[in-house]
>>> print(open('coords06.txt').read())   # compact mmCIF, C-alpha atoms (C1' of nucleotides)
# COMPACT_ATOMS: atom_id res chain seq x y z
CA MET V 236 28.15 40.53 17.48
CA ALA V 237 29.90 39.83 14.23
CA ASN V 238 29.21 36.16 13.88
CA SER V 239 26.60 35.48 16.48
CA LYS V 240 23.85 34.46 14.15
CA SER V 241 21.36 32.12 15.68
CA ARG V 242 20.51 29.01 13.76
CA LYS V 243 17.12 30.51 13.11
CA GLU V 244 18.73 33.52 11.47
CA ILE V 245 20.94 31.30 9.37
CA LEU V 246 17.93 29.27 8.41
CA PHE V 247 16.05 32.35 7.24
CA GLN V 248 19.00 33.60 5.29
CA GLU V 249 19.51 30.28 3.55
CA ALA V 250 15.81 30.04 2.83
CA ALA V 251 15.89 33.44 1.17
CA LYS V 252 18.84 32.40 -0.96
CA LEU V 253 17.14 29.16 -1.90
CA PHE V 254 13.86 30.82 -2.85
CA ARG V 255 15.72 33.33 -4.95
CA GLU V 256 17.77 30.66 -6.68
CA LYS V 257 15.10 28.11 -7.33
CA ASP V 258 11.75 29.81 -6.88
CA TYR V 259 9.27 29.07 -4.12
CA GLN V 260 7.74 25.99 -5.68
CA ALA V 261 10.99 24.50 -6.85
CA ALA V 262 12.78 25.12 -3.57
CA ASN V 263 12.77 21.99 -1.50
CA LEU V 264 12.78 21.95 2.26
CA ARG V 265 15.07 18.95 2.50
CA GLU V 266 17.64 20.92 0.55
CA LEU V 267 17.17 23.82 2.90
CA ALA V 268 17.65 21.54 5.89
CA LYS V 269 20.79 20.14 4.33
CA ARG V 270 22.26 23.58 3.79
CA VAL V 271 21.58 24.54 7.36
CA GLY V 272 22.89 21.23 8.61
CA ILE V 273 19.83 19.67 10.14
CA GLN V 274 17.26 17.09 9.13
CA GLY V 275 14.10 17.89 7.20
CA GLY V 276 11.73 17.32 10.05
CA SER V 277 13.65 19.63 12.36
CA LEU V 278 12.72 22.64 10.28
CA TYR V 279 9.23 22.55 11.65
CA TYR V 280 10.46 23.51 15.05
CA HIS V 281 11.26 26.92 13.53
CA PHE V 282 8.23 27.55 11.38
CA ALA V 283 4.82 26.06 10.84
CA SER V 284 4.80 25.70 7.08
CA LYS V 285 6.62 26.56 3.90
CA GLN V 286 4.04 29.20 3.19
CA GLU V 287 4.66 30.88 6.53
CA LEU V 288 8.36 30.82 5.79
CA LEU V 289 7.89 32.60 2.49
CA PHE V 290 5.58 35.13 4.05
CA GLN V 291 7.89 35.91 6.94
CA LEU V 292 10.79 36.29 4.56
CA MET V 293 9.01 38.62 2.21
CA ASN V 294 7.68 40.55 5.14
CA THR V 295 11.14 41.04 6.59
CA ILE V 296 12.53 41.95 3.21
CA MET V 297 9.87 44.57 2.66
CA ASP V 298 10.48 46.01 6.11
CA GLN V 299 14.18 46.23 5.42
CA MET V 300 13.56 47.90 2.09
CA ILE V 301 11.14 50.43 3.50
CA SER V 302 13.22 51.38 6.52
CA GLY V 303 16.43 51.22 4.54
CA LEU V 304 15.18 53.51 1.81
CA ALA V 305 13.57 55.88 4.29
CA ALA V 306 16.87 56.16 6.11
CA GLU V 307 18.74 56.84 2.86
CA LEU V 308 16.30 59.48 1.74
CA GLY V 309 16.47 61.11 5.15
CA THR V 310 20.13 61.99 4.72
CA SER V 311 19.39 64.79 2.31
CA ASP V 312 16.70 67.33 1.54
CA ASP V 313 17.70 67.67 -2.07
CA PRO V 314 15.44 65.64 -4.37
CA LEU V 315 18.20 65.11 -6.89
CA THR V 316 20.47 63.65 -4.26
CA GLN V 317 17.58 61.57 -3.02
CA LEU V 318 16.93 60.28 -6.49
CA ARG V 319 20.47 59.04 -6.76
CA SER V 320 20.23 57.58 -3.27
CA PHE V 321 17.15 55.69 -4.29
CA PHE V 322 18.79 54.06 -7.28
CA ARG V 323 21.89 53.20 -5.30
CA PHE V 324 19.89 51.73 -2.48
CA HIS V 325 17.38 49.89 -4.59
CA ILE V 326 19.86 48.34 -6.98
CA ARG V 327 22.23 47.39 -4.19
CA PHE V 328 19.47 45.79 -2.17
CA THR V 329 17.98 43.99 -5.11
CA VAL V 330 21.22 42.62 -6.44
CA CYS V 331 23.18 42.01 -3.22
CA GLY V 332 20.62 42.04 -0.47
CA SER V 333 21.61 42.97 3.05
CA ASP V 334 20.93 40.33 5.67
CA LEU V 335 18.42 38.81 3.37
CA VAL V 336 18.33 38.43 -0.35
CA TYR V 337 15.71 40.08 -2.47
CA ILE V 338 13.01 37.66 -3.54
CA SER V 339 11.44 38.35 -6.90
CA ASP V 340 8.10 40.06 -7.18
CA ASP V 341 7.19 37.02 -9.19
CA GLU V 342 6.89 35.06 -5.96
CA LEU V 343 4.04 37.25 -4.84
CA ARG V 344 1.64 34.94 -6.56
CA HIS V 345 2.70 32.10 -4.30
CA LEU V 346 1.42 33.90 -1.25
CA GLU V 347 -1.96 32.94 0.08
CA PRO V 348 -4.54 35.73 -0.18
CA GLU V 349 -4.19 37.33 3.22
CA ASN V 350 -0.43 37.12 3.16
CA TYR V 351 -0.50 38.56 -0.31
CA GLN V 352 -2.51 41.57 0.81
CA GLN V 353 -0.04 42.39 3.55
CA ILE V 354 2.99 42.22 1.31
CA ILE V 355 1.32 44.25 -1.41
CA ALA V 356 0.52 46.91 1.17
CA LYS V 357 4.18 47.14 2.10
CA ARG V 358 5.20 47.25 -1.52
CA ASP V 359 2.87 50.21 -1.90
CA SER V 360 4.49 51.92 1.07
CA TYR V 361 7.84 51.53 -0.57
CA GLN V 362 6.54 52.96 -3.78
CA GLN V 363 5.10 55.90 -1.88
CA LEU V 364 8.55 56.83 -0.67
CA VAL V 365 9.58 57.20 -4.29
CA GLU V 366 6.42 59.09 -5.11
CA GLN V 367 7.15 61.55 -2.33
CA LEU V 368 10.66 62.06 -3.65
CA LEU V 369 9.20 62.90 -7.05
CA LYS V 370 6.67 65.28 -5.56
CA ASN V 371 9.48 67.08 -3.78
CA GLY V 372 11.29 67.39 -7.08
CA GLN V 373 8.17 68.74 -8.67
CA LYS V 374 8.52 71.83 -6.51
CA LEU V 375 11.88 72.34 -8.15
CA GLY V 376 10.37 72.16 -11.59
CA TRP V 377 10.65 68.47 -12.38
CA GLN V 378 8.09 67.36 -14.89
CA VAL V 379 6.06 64.95 -12.79
CA GLU V 380 2.44 64.82 -13.81
CA ASP V 381 1.94 61.13 -13.31
CA TYR V 382 4.04 60.38 -10.26
CA LYS V 383 2.61 56.90 -9.85
CA LEU V 384 3.67 55.87 -13.32
CA LEU V 385 7.05 57.49 -12.87
CA SER V 386 7.69 55.86 -9.52
CA ARG V 387 6.87 52.47 -11.03
CA ILE V 388 9.28 53.11 -13.85
CA ALA V 389 12.05 53.94 -11.41
CA ILE V 390 11.46 50.81 -9.38
CA GLN V 391 11.18 48.62 -12.46
CA MET V 392 14.38 50.00 -13.86
CA GLY V 393 16.22 49.31 -10.64
CA THR V 394 14.84 45.83 -10.13
CA GLY V 395 15.59 44.94 -13.73
CA VAL V 396 19.31 45.09 -13.05
CA LEU V 397 18.97 41.80 -11.21
CA GLY V 398 18.29 40.14 -14.54
CA TRP V 399 21.68 40.81 -16.07
CA TYR V 400 24.12 42.04 -13.42
CA ARG V 401 27.30 40.00 -13.07
CA GLN V 402 29.94 40.60 -10.46
CA ASP V 403 32.65 40.46 -13.09
CA GLY V 404 30.97 42.98 -15.35
CA THR V 405 32.59 46.26 -16.25
CA LEU V 406 30.27 48.43 -14.21
CA SER V 407 30.05 48.53 -10.43
CA ILE V 408 26.67 48.78 -8.79
CA GLU V 409 27.28 52.42 -7.97
CA GLU V 410 28.16 53.16 -11.56
CA ILE V 411 25.05 51.43 -12.80
CA ALA V 412 22.93 53.26 -10.26
CA ASP V 413 24.39 56.61 -11.20
CA ARG V 414 23.80 56.04 -14.88
CA TYR V 415 20.29 54.97 -14.18
CA SER V 416 19.56 58.01 -12.08
CA GLN V 417 21.12 60.30 -14.65
CA PHE V 418 19.08 58.76 -17.41
CA TYR V 419 15.96 58.85 -15.32
CA TYR V 420 16.49 62.43 -14.27
CA CYS V 421 16.79 63.52 -17.88
CA GLY V 422 13.34 62.18 -18.51
CA LEU V 423 11.97 64.56 -15.90
CA GLN V 424 13.22 67.69 -17.59
CA PRO V 425 10.74 70.11 -19.10
CA GLY V 426 10.86 71.19 -22.69
CA SER V 427 11.67 67.84 -24.15
CA LYS V 428 11.58 67.85 -27.88
CA GLY V 429 10.03 65.15 -29.97
CA LEU V 430 7.19 62.85 -29.22
CA THR V 431 4.50 65.39 -28.72
CA ALA V 432 1.18 63.65 -28.39
CA ASP V 433 -0.58 62.32 -31.44
CA MET F 106 -9.47 30.10 -40.76
CA ALA F 107 -10.91 32.11 -37.91
CA ASN F 108 -11.71 29.37 -35.48
CA SER F 109 -9.94 26.37 -36.88
CA LYS F 110 -7.49 25.86 -34.08
CA SER F 111 -6.27 22.36 -33.77
CA ARG F 112 -6.37 20.77 -30.38
CA LYS F 113 -2.65 21.00 -30.29
CA GLU F 114 -2.80 24.75 -30.80
CA ILE F 115 -5.40 25.09 -28.09
CA LEU F 116 -3.27 22.97 -25.85
CA PHE F 117 -0.24 25.21 -26.35
CA GLN F 118 -2.24 28.31 -25.78
CA GLU F 119 -3.73 27.00 -22.55
CA ALA F 120 -0.32 25.83 -21.42
CA ALA F 121 1.11 29.30 -21.95
CA LYS F 122 -1.73 30.80 -19.95
CA LEU F 123 -1.26 28.29 -17.18
CA PHE F 124 2.48 28.83 -16.96
CA ARG F 125 1.99 32.54 -16.85
CA GLU F 126 -0.68 32.30 -14.17
CA LYS F 127 0.89 29.76 -11.91
CA ASP F 128 4.54 29.50 -12.88
CA TYR F 129 6.18 26.48 -14.46
CA GLN F 130 6.66 24.50 -11.28
CA ALA F 131 3.27 25.27 -9.85
CA ALA F 132 1.45 24.57 -13.09
CA ASN F 133 0.01 21.11 -13.05
CA LEU F 134 -0.48 19.01 -16.11
CA ARG F 135 -3.71 17.48 -14.89
CA GLU F 136 -5.11 20.98 -14.65
CA LEU F 137 -3.90 21.67 -18.15
CA ALA F 138 -5.58 18.52 -19.42
CA LYS F 139 -8.79 19.53 -17.70
CA ARG F 140 -8.79 22.95 -19.33
CA VAL F 141 -8.25 21.42 -22.73
CA GLY F 142 -10.87 18.79 -22.08
CA ILE F 143 -8.82 15.62 -22.17
CA GLN F 144 -7.31 13.26 -19.63
CA GLY F 145 -3.88 13.72 -18.13
CA GLY F 146 -2.27 10.83 -19.89
CA SER F 147 -3.44 12.03 -23.27
CA LEU F 148 -1.20 15.03 -23.11
CA TYR F 149 1.81 12.90 -23.80
CA TYR F 150 0.62 12.19 -27.28
CA HIS F 151 1.34 15.88 -28.01
CA PHE F 152 4.63 16.38 -26.22
CA ALA F 153 7.27 14.28 -24.56
CA SER F 154 7.64 16.10 -21.27
CA LYS F 155 6.68 19.17 -19.34
CA GLN F 156 10.14 20.57 -19.92
CA GLU F 157 9.75 20.19 -23.68
CA LEU F 158 6.43 21.94 -23.45
CA LEU F 159 7.95 24.92 -21.67
CA PHE F 160 10.81 25.06 -24.12
CA GLN F 161 8.63 24.91 -27.20
CA LEU F 162 6.41 27.61 -25.77
CA MET F 163 9.22 29.97 -24.93
CA ASN F 164 10.79 29.27 -28.26
CA THR F 165 7.63 30.15 -30.13
CA ILE F 166 7.12 33.22 -28.00
CA MET F 167 10.63 34.46 -28.69
CA ASP F 168 10.17 33.86 -32.41
CA GLN F 169 6.95 35.82 -32.37
CA MET F 170 8.59 38.65 -30.48
CA ILE F 171 11.58 38.83 -32.77
CA SER F 172 9.68 38.66 -36.02
CA GLY F 173 6.92 40.88 -34.67
CA LEU F 174 9.28 43.59 -33.55
CA ALA F 175 11.35 43.37 -36.72
CA ALA F 176 8.20 43.86 -38.75
CA GLU F 177 7.16 46.86 -36.67
CA LEU F 178 10.55 48.49 -36.92
CA GLY F 179 10.58 47.90 -40.66
CA THR F 180 7.60 50.18 -41.22
CA SER F 181 9.67 53.31 -40.70
CA ASP F 182 13.21 54.58 -41.15
CA ASP F 183 12.88 57.20 -38.46
CA PRO F 184 14.47 56.08 -35.18
CA LEU F 185 12.06 58.12 -33.10
CA THR F 186 9.09 56.49 -34.76
CA GLN F 187 10.79 53.14 -34.30
CA LEU F 188 11.32 53.84 -30.63
CA ARG F 189 7.65 54.43 -30.15
CA SER F 190 6.87 51.33 -32.19
CA PHE F 191 9.11 49.33 -29.94
CA PHE F 192 7.35 50.40 -26.77
CA ARG F 193 3.94 49.86 -28.29
CA PHE F 194 4.85 46.44 -29.57
CA HIS F 195 6.71 45.27 -26.52
CA ILE F 196 4.15 46.41 -23.99
CA ARG F 197 1.28 45.07 -26.03
CA PHE F 198 2.91 41.71 -26.51
CA THR F 199 3.97 41.43 -22.89
CA VAL F 200 0.65 42.39 -21.42
CA CYS F 201 -1.77 40.91 -23.94
CA GLY F 202 0.23 38.44 -25.94
CA SER F 203 -0.80 37.53 -29.46
CA ASP F 204 -1.53 33.88 -30.08
CA LEU F 205 0.50 33.04 -27.05
CA VAL F 206 0.92 34.77 -23.77
CA TYR F 207 4.23 36.19 -22.64
CA ILE F 208 5.93 33.94 -20.11
CA SER F 209 8.04 35.71 -17.54
CA ASP F 210 11.81 35.86 -17.87
CA ASP F 211 11.74 34.35 -14.41
CA GLU F 212 10.88 31.01 -15.97
CA LEU F 213 14.17 30.93 -17.80
CA ARG F 214 15.75 29.24 -14.82
CA HIS F 215 13.40 26.32 -15.22
CA LEU F 216 14.84 25.48 -18.58
CA GLU F 217 17.43 22.76 -18.76
CA PRO F 218 20.88 23.97 -19.82
CA GLU F 219 20.72 23.41 -23.55
CA ASN F 220 17.20 24.72 -23.81
CA TYR F 221 18.25 27.67 -21.73
CA GLN F 222 21.07 28.53 -24.10
CA GLN F 223 18.78 28.55 -27.09
CA ILE F 224 16.23 30.83 -25.50
CA ILE F 225 18.87 33.20 -24.17
CA ALA F 226 20.28 33.44 -27.68
CA LYS F 227 16.89 34.48 -29.00
CA ARG F 228 16.45 36.94 -26.18
CA ASP F 229 19.74 38.47 -27.24
CA SER F 230 18.56 38.72 -30.83
CA TYR F 231 15.54 40.61 -29.64
CA GLN F 232 17.69 42.93 -27.62
CA GLN F 233 19.89 43.54 -30.63
CA LEU F 234 16.94 44.87 -32.55
CA VAL F 235 16.59 47.52 -29.90
CA GLU F 236 20.31 48.17 -29.90
CA GLN F 237 20.22 48.73 -33.64
CA LEU F 238 17.39 51.19 -33.24
CA LEU F 239 19.46 53.12 -30.73
CA LYS F 240 22.51 53.10 -32.97
CA ASN F 241 20.40 54.52 -35.76
CA GLY F 242 19.27 57.25 -33.41
CA GLN F 243 22.86 57.95 -32.50
CA LYS F 244 23.45 59.17 -36.04
CA LEU F 245 20.75 61.74 -35.36
CA GLY F 246 22.50 62.92 -32.22
CA TRP F 247 20.95 60.73 -29.58
CA GLN F 248 23.19 60.30 -26.58
CA VAL F 249 23.86 56.60 -26.75
CA GLU F 250 27.24 55.65 -25.38
CA ASP F 251 26.21 52.45 -23.70
CA TYR F 252 23.64 51.03 -26.06
CA LYS F 253 23.56 47.68 -24.29
CA LEU F 254 22.63 49.24 -20.99
CA LEU F 255 20.11 51.49 -22.66
CA SER F 256 18.47 48.68 -24.59
CA ARG F 257 18.11 46.70 -21.40
CA ILE F 258 16.50 49.65 -19.70
CA ALA F 259 13.99 49.99 -22.51
CA ILE F 260 13.08 46.33 -22.39
CA GLN F 261 12.87 46.29 -18.61
CA MET F 262 10.63 49.32 -18.59
CA GLY F 263 8.30 47.73 -21.07
CA THR F 264 8.17 44.35 -19.42
CA GLY F 265 7.59 45.96 -16.04
CA VAL F 266 4.16 47.13 -17.13
CA LEU F 267 2.97 43.55 -16.79
CA GLY F 268 3.37 43.89 -13.03
CA TRP F 269 0.73 46.54 -12.57
CA TYR F 270 -1.37 46.92 -15.71
CA ARG F 271 -5.09 46.46 -15.24
CA GLN F 272 -7.62 46.48 -18.04
CA ASP F 273 -9.85 48.85 -16.09
CA GLY F 274 -7.05 51.32 -15.48
CA THR F 275 -7.17 54.88 -16.75
CA LEU F 276 -4.45 54.44 -19.35
CA SER F 277 -4.68 52.37 -22.48
CA ILE F 278 -1.69 50.35 -23.56
CA GLU F 279 -0.98 52.82 -26.33
CA GLU F 280 -1.04 55.70 -23.88
CA ILE F 281 1.29 53.91 -21.53
CA ALA F 282 3.63 53.03 -24.37
CA ASP F 283 3.70 56.59 -25.63
CA ARG F 284 4.47 57.96 -22.20
CA TYR F 285 7.19 55.43 -21.78
CA SER F 286 8.77 56.25 -25.09
CA GLN F 287 8.51 59.96 -24.43
CA PHE F 288 10.14 59.57 -21.06
CA TYR F 289 12.77 57.30 -22.46
CA TYR F 290 13.53 59.56 -25.36
CA CYS F 291 14.13 62.49 -23.03
CA GLY F 292 16.85 60.50 -21.33
CA LEU F 293 18.67 60.29 -24.65
CA GLN F 294 18.94 64.02 -25.13
CA PRO F 295 22.32 65.69 -24.94
CA GLY F 296 23.05 68.55 -22.59
CA SER F 297 21.16 67.21 -19.63
CA LYS F 298 21.65 69.32 -16.58
CA GLY F 299 22.31 67.92 -13.15
CA LEU F 300 23.99 64.70 -12.17
CA THR F 301 27.36 65.33 -13.66
CA ALA F 302 29.67 62.55 -12.62
CA ASP F 303 31.17 62.51 -9.14
C1' DG N 48 16.29 21.58 19.33
C1' DT N 49 17.19 17.89 16.68
C1' DC N 50 16.63 13.05 15.12
C1' DT N 51 14.25 9.11 12.79
C1' DA N 52 10.48 7.28 10.66
C1' DT N 53 6.56 7.71 8.23
C1' DA N 54 2.01 9.38 6.90
C1' DA N 55 -0.52 11.69 3.29
C1' DC N 56 -0.46 13.48 -0.87
C1' DT N 57 0.87 15.21 -5.33
C1' DA N 58 2.52 15.20 -9.91
C1' DG N 59 5.12 13.63 -14.01
C1' DA N 60 5.24 9.92 -16.88
C1' DT N 61 4.11 5.11 -18.98
C1' DA N 62 1.36 1.07 -20.96
C1' DG N 63 -2.05 -0.93 -23.24
C1' DA N 64 -7.03 -0.91 -24.56
C1' DC N 65 -10.23 1.26 -27.72
C1' DG U 71 -5.91 10.62 -30.34
C1' DT U 72 -7.85 9.74 -26.22
C1' DC U 73 -9.02 6.81 -22.18
C1' DT U 74 -8.10 4.27 -17.87
C1' DA U 75 -5.10 2.58 -14.70
C1' DT U 76 -0.93 2.69 -12.53
C1' DC U 77 3.99 3.31 -11.56
C1' DT U 78 7.35 5.99 -9.40
C1' DA U 79 9.42 9.54 -7.19
C1' DG U 80 9.37 13.38 -4.61
C1' DT U 81 7.56 16.66 -1.06
C1' DT U 82 5.28 18.76 2.84
C1' DA U 83 4.23 17.86 7.25
C1' DT U 84 3.58 15.08 11.66
C1' DA U 85 4.79 12.11 15.82
C1' DG U 86 7.33 10.56 19.24
C1' DA U 87 12.04 9.38 20.89
C1' DC U 88 16.37 11.46 22.65
>>> encode(input="coords06.txt", output="structure tokens")
Amino acid sequence: MANSKSRKEILFQEAAKLFREKDYQAANLRELAKRVGIQGGSLYYHFASKQELLFQLMNTIMDQMISGLAAELGTSDDPLTQLRSFFRFHIRFTVCGSDLVYISDDELRHLEPENYQQIIAKRDSYQQLVEQLLKNGQKLGWQVEDYKLLSRIAIQMGTGVLGWYRQDGTLSIEEIADRYSQFYYCGLQPGSKGLTAD
Amino acid sequence: MANSKSRKEILFQEAAKLFREKDYQAANLRELAKRVGIQGGSLYYHFASKQELLFQLMNTIMDQMISGLAAELGTSDDPLTQLRSFFRFHIRFTVCGSDLVYISDDELRHLEPENYQQIIAKRDSYQQLVEQLLKNGQKLGWQVEDYKLLSRIAIQMGTGVLGWYRQDGTLSIEEIADRYSQFYYCGLQPGSKGLTAD
DNA sequence: GTCTATAACTAGATAGAC
DNA sequence: GTCTATCTAGTTATAGAC
């Protein structure tokens, strides 16, 4: 099972890498073909169009993120543990990927309308997992009035790591994730001083 | 002075909008010409290449962000006030722009190497303004060991608003900014419970 | 499943007239 | 400063052979 990837799987993986490197528009199918080791025209045996390729990739990525995060969160009932699990999972997936590589939210705009709707719906599902985590924490006294805003902040923070993370940096992904979750958790504590409303 | 924009200024403004809407690669110069009201070929009187156009835009945007933020931060000596100013400024600029519209960090990869270096340098200068703010706060007892990480988090949080903000939403930009700064500030407090290191 | 060849189109950039 | 016309190169996608 270890190395039994079909050419189609390899193709999808390379496509994800290429889209992430270059961006959907800039990525060129001849280059993709070259990386996979076939000719440009042969690609169309595997998919109908570049657009379909992007859509299928983002779809698969979202599925992996949703099921992956759900599985992580399921390993504990403690919201605080879940919060840390979220940051670890999200940052790891965003920066390293699993089978596939995370493709920037920025590429959403390159999806045709109906494809766009479907991906957005899955992105919402993912966000709802985080919202639920926060609601669970609320029962423990976490300060979570606006759970939508807070879940967005968590996701943004995690995704943002992609912008600066380097393998040779001083912090491992787990260390980054733990600092992020610690910082984030502090923001949920009641009785914060300062910055009372105007 | 109110409406005396030269064609060149209009052109740059429309180009920024177009790049933000469509992305550098997807943006098409004939479309740009159409929006400005001239023919495609005429554009090249104003700039030498599409790449130069992107570079000049990002350069101007970074200059505006740096000088704009520096000015905001200069209006107070209190780090907490400055923190709120940062979020207000950054979110406002990112979401609404000023003369120009914020172009995503994602477009950085479309800059040729030497242009890239220059923009990255300015992005660092911007970040350093935030780092300085945090260091000032440290003297007041803020928990700021890793000011680089923390400044990145602040900037990421702010920029992330662009991904979901809608004009018809319930929160104004100032309200969002204030919630963000409040949340962020809480994370800087000493004596946070929970999440002690593994 | 993959190859070769090519159609159909798009987009950046140039040249010279006005 | 802008127009028209055009060059050139690159890209997605198709068709039919193997």
>>> interface_residues(input="coords06.txt", of="chain N", to="chain F", cutoff="10 Å", atoms="all atoms listed in the file", output="compact mmCIF listing (two decimals) with C-alpha atoms (C1' of nucleotides), in the coordinates of the input")
# COMPACT_ATOMS: atom_id res chain seq x y z
C1' DT N 57 0.87 15.21 -5.33
C1' DA N 58 2.52 15.20 -9.91
C1' DG N 59 5.12 13.63 -14.01
C1' DA N 60 5.24 9.92 -16.88
C1' DT N 61 4.11 5.11 -18.98
>>> residues_around(input="coords06.txt", residues="segment 239-249 of chain F", least_positions_apart="6", cutoff="12 Å", atoms="all atoms listed in the file", output="PyMOL selection string")
(chain V and resi 414+418+421+428-429) or (chain F and resi 178+181-189+191+232-233+255-259+289-297)
>>> closest_residue(input="coords06.txt", among="F:Ala176, F:Ala121, F:Leu137, F:Leu254", to="chain V", atoms="all atoms listed in the file")
F:Leu254
>>> atom_distance(input="coords06.txt", atom1="atom CA of Ser172 of chain F", atom2="atom CA of Asp229 of chain F")
13.4 Å
>>> residues_near_point(input="coords06.txt", point="(4.7, 35.1, -28.5)", cutoff="6 Å", atoms="only C-alpha atoms (C1' of nucleotides)", output="MDAnalysis selection string")
chainID F and resid 165:167 169:170 205 207
>>> interface_residues(input="coords06.txt", of="chain U", to="chain F", cutoff="12 Å", atoms="only C-alpha atoms (C1' of nucleotides)", output="list of chain:residue names")
U:DG71, U:DT72, U:DC73, U:DT74, U:DA75, U:DT76
>>> atom_distance(input="coords06.txt", atom1="atom CA of Gly398 of chain V", atom2="atom CA of Ser339 of chain V")
10.4 Å
>>> residues_around(input="coords06.txt", residues="Gln286 of chain V", least_positions_apart="6", cutoff="12 Å", atoms="only C-alpha atoms (C1' of nucleotides)", output="list in words")
Ala250, Phe254, Tyr259, Gln260, Ala262, Leu264, Tyr279, Leu292, Met293, Glu342, Leu343, Arg344, His345, Leu346, Glu347, Pro348, Glu349, Asn350 and Tyr351 of chain V; DT82 of chain U
>>> write_last_selection(input="coords06.txt", atoms="C-alpha atoms (C1' of nucleotides)", output="short mmCIF file (atom, residue, chain, number, x, y, z; two decimals), in the frame of the given file")
data_model
loop_
_atom_site.label_atom_id
_atom_site.label_comp_id
_atom_site.auth_asym_id
_atom_site.auth_seq_id
_atom_site.Cartn_x
_atom_site.Cartn_y
_atom_site.Cartn_z
CA ALA V 250 15.81 30.04 2.83
CA PHE V 254 13.86 30.82 -2.85
CA TYR V 259 9.27 29.07 -4.12
CA GLN V 260 7.74 25.99 -5.68
CA ALA V 262 12.78 25.12 -3.57
CA LEU V 264 12.78 21.95 2.26
CA TYR V 279 9.23 22.55 11.65
CA LEU V 292 10.79 36.29 4.56
CA MET V 293 9.01 38.62 2.21
CA GLU V 342 6.89 35.06 -5.96
CA LEU V 343 4.04 37.25 -4.84
CA ARG V 344 1.64 34.94 -6.56
CA HIS V 345 2.70 32.10 -4.30
CA LEU V 346 1.42 33.90 -1.25
CA GLU V 347 -1.96 32.94 0.08
CA PRO V 348 -4.54 35.73 -0.18
CA GLU V 349 -4.19 37.33 3.22
CA ASN V 350 -0.43 37.12 3.16
CA TYR V 351 -0.50 38.56 -0.31
"C1'" DT U 82 5.28 18.76 2.84
#
>>> atom_distance(input="coords06.txt", atom1="atom CA of Ser190 of chain F", atom2="atom CA of Ser277 of chain F")
15.1 Å
>>> closest_residue(input="coords06.txt", among="F:Gly274, F:Gly179, F:Gly202, F:Gly265", to="chain V", atoms="only C-alpha atoms")
F:Gly265
>>> closest_residue(input="coords06.txt", among="F:Asp273, F:Ser109, F:Lys139, F:Ala131", to="chain V", atoms="all atoms listed in the file")
F:Ala131
